[in-house]
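Notes for the one structure printed next.
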Amino acid sequence: MSVDPAVNSADSSPPVAGVAAVAQALLQARATAVPADAQPLAAALPDADAAYAVQGAVAQALGWWSTGVPRYWKSGGADRATVLTHAPLPEAGVWAHPAQAQAWPFALRGIEAEIALRLGQAVDAATAARLADGEGAHLVDAMAVLIEIVETRWAQDGAVAGLLTLADQQSHGALVLGDWVPFDAGAPPDWAQQRCTVRITGQDAVERQGTHSLGDPAWLLAAWLRHATQHFGTLPAGTVVTTGNWAGRLNARLGDAVEVAFDGIGTASVQL
């Protein structure tokens with residue numbers, strides 16, 4: 001699969017060449033299931049805009065969104081002082097719980113426990129631009145427990161420059177969504193007391209309480225909506241965003257059963 005640099009820019013400046021080279025490496029890795037060597041590309045992307053251009057080039061080459069507007073997103077950051085990052089996700093890798101993933105071409109099988117939020121109304125760029133950081137919960141109508149299966153297309157997992165990770169859909173593999181339950185912005189869960197439990201075959205259960213990196217999964221909505229509407233225009237009602245993990249990245253293997261439970265919200269499970 002080749003990537004035409006013209007999808008990113010009309011000129012041939014080094015950033016365009018870098019975007020094309022990184023996109024080509026990721027497309028090759030996806031086509032062959034052989035991770036790409038990140039070392040020759042370590043300095044290929046100058047900034048986050050270039051990484052987002054790679055996301056778009058890969059998505060365009062693979063025809064991920066038939067409507068042109070992604071319905072599923074990954075968003076988050078280490079803390080509220082960090083610039084949040086975002087990635088639109090391919091719909092083929094979004095599954096309802098309980099899910100069967102044995103046939104999916106995973107190599108890493110990292111597991112993250114998260115909460116997904118769903119827009120209850122369409123949001124355009126003007127609406128998103130009016131939101132201050134931390135606002136936007138009133139736009140959400142439902143939440144669900146979520147398992148993200150983490151995957152990387154880079155051979156140097158854990159030692160890859162942040163921009164290359166961002167370009168690789170933030171190391172996204174697949175999503176498993178639990179049942180949707182109502183979300184009330186006026187009376188959200190007490191996130192500081194929220195308990196999360198992850199169970200993976202053959203491992204001790206991992207329990208966490210109040211460990212979301214932003215303190216509140218909904219805190220990222222404004223930043224995500226600004227980014228998404230700037231790149232894709234109006235997001236329709238029903239658009240879903242993941243909001244960051246609660247228990248770190250855990251490791252699973254082919255054949256493991258994984259269950260994530262959030263007290264009072266629900267569960268999600270997948271057979272790997």
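Following the order of the structure tokens, chains are lettered A, B, ..., residues in each are numbered from 1, and ligands are numbered from 1.
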
Kindly provide the residues of range 120-173 of chain A that approach range 225-244 of chain A to within 7 Å, each paired with its closest atom pair and their distance in Å to one decimal, based on only C-alpha atoms, listed by chain and increasing number, as CSV.
residue,atom,partner,partner_atom,distance
A:Gly120,CA,A:Ala237,CA,5.1
A:Gln121,CA,A:Ala237,CA,4.2
A:Ala122,CA,A:Pro236,CA,4.3
A:Val123,CA,A:Leu235,CA,5.3
A:Asp124,CA,A:Thr234,CA,4.1
A:Ala125,CA,A:Thr229,CA,4.9
A:Ala128,CA,A:Arg226,CA,5.1
A:Ala129,CA,A:Arg226,CA,5.9

Atoms to include: C-alpha atoms. Write the selected residues as a PDB file, in the first residue's frame.
ATOM      1  CA  GLY A 120     -26.549  12.631  23.141  1.00  0.00           C
ATOM      2  CA  GLN A 121     -26.727  15.324  20.457  1.00  0.00           C
ATOM      3  CA  ALA A 122     -24.856  16.524  17.406  1.00  0.00           C
ATOM      4  CA  VAL A 123     -21.950  18.881  18.160  1.00  0.00           C
ATOM      5  CA  ASP A 124     -20.608  21.337  15.601  1.00  0.00           C
ATOM      6  CA  ALA A 125     -17.368  23.315  15.617  1.00  0.00           C
ATOM      7  CA  ALA A 128     -17.165  22.964  20.636  1.00  0.00           C
ATOM      8  CA  ALA A 129     -15.263  26.238  20.412  1.00  0.00           C
TER       9      ALA A 129
END

Open item on the list: So that I can see what lies close to His86 in chain A, please list as a ChimeraX atom specification the residues with an atom at most 12 Å from it, counting only C-alpha atoms and leaving out residues fewer than 2 positions away in the same chain.
Closed with: /A:48-49,51-52,55,70,72-77,83-84,88-89,163,165-172,220-229,231,241-244

Open item on the list: Could you list, as a list in words, every residue within 7 Å of Arg199 in chain A, counting only C-alpha atoms and ignoring same-chain residues fewer than 6 positions away?
Closed with: Ala205, Val206, Val258, Glu259 and Val260 of chain A

Output the selection as an mmCIF file, in the first residue's frame - C-alpha atoms for each residue.
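Done, and the output landed in part22.cif:
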data_model
loop_
_atom_site.group_PDB
_atom_site.id
_atom_site.type_symbol
_atom_site.label_atom_id
_atom_site.label_comp_id
_atom_site.auth_asym_id
_atom_site.auth_seq_id
_atom_site.Cartn_x
_atom_site.Cartn_y
_atom_site.Cartn_z
ATOM 1 C CA ALA A 205 -7.458 -9.411 40.139
ATOM 2 C CA VAL A 206 -6.365 -5.772 39.850
ATOM 3 C CA VAL A 258 -10.665 -10.585 30.359
ATOM 4 C CA GLU A 259 -13.370 -8.903 32.433
ATOM 5 C CA VAL A 260 -13.504 -5.279 33.548
#

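For the residues A:Ala268, A:Thr127, A:Ile115, A:Gly158, ranking by smallest atom-to-atom distance to Gln194 in chain A using only C-alpha atoms places A:Ile115 first.
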
- [ ] Figure out the distance between CA of Ala50 in chain A and CA of Val19 in chain A, please, to one decimal in Å.
- [x] 6.2 Å

TODO: Extract, using only C-alpha atoms, all DNA, RNA and protein residues at most 9 Å from Arg153 in chain A, discarding same-chain residues fewer than 6 positions from it, and format them as a list in words.
DONE: Ala25, Leu26, Leu27, Ala29, Arg30, Ala33, Val34, Pro35, Ala36, Asp37, Thr165, Asp168 and Ser171 of chain A

TODO: Please give the complete set of residues from range 81-190 of chain A that DSSP, run on the backbone, assigns to strand (DSSP E or B), formatted as a ChimeraX atom specification.
DONE: /A:85-88,94-96,99-100,110-119,123,140-150,154,172-177,181-182

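Note that CA of Ser269 in chain A and CA of Ala218 in chain A are 22.9 Å apart.
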
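Proximity to Trp180 in chain A was assessed for A:Ala159, A:Ala116, A:Leu139, A:Ala261 counting only C-alpha atoms; the smallest distance is recorded for A:Ala116.
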
TODO: Pick out the closest residue to Pro182 in chain A from this set: A:Trp219, A:Gln156, A:Ala142, A:Ala161. Count only C-alpha atoms.
DONE: A:Ala142

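Picture a line from CA of His212 in chain A to CA of Ala78 in chain A; it runs 9.3 Å.
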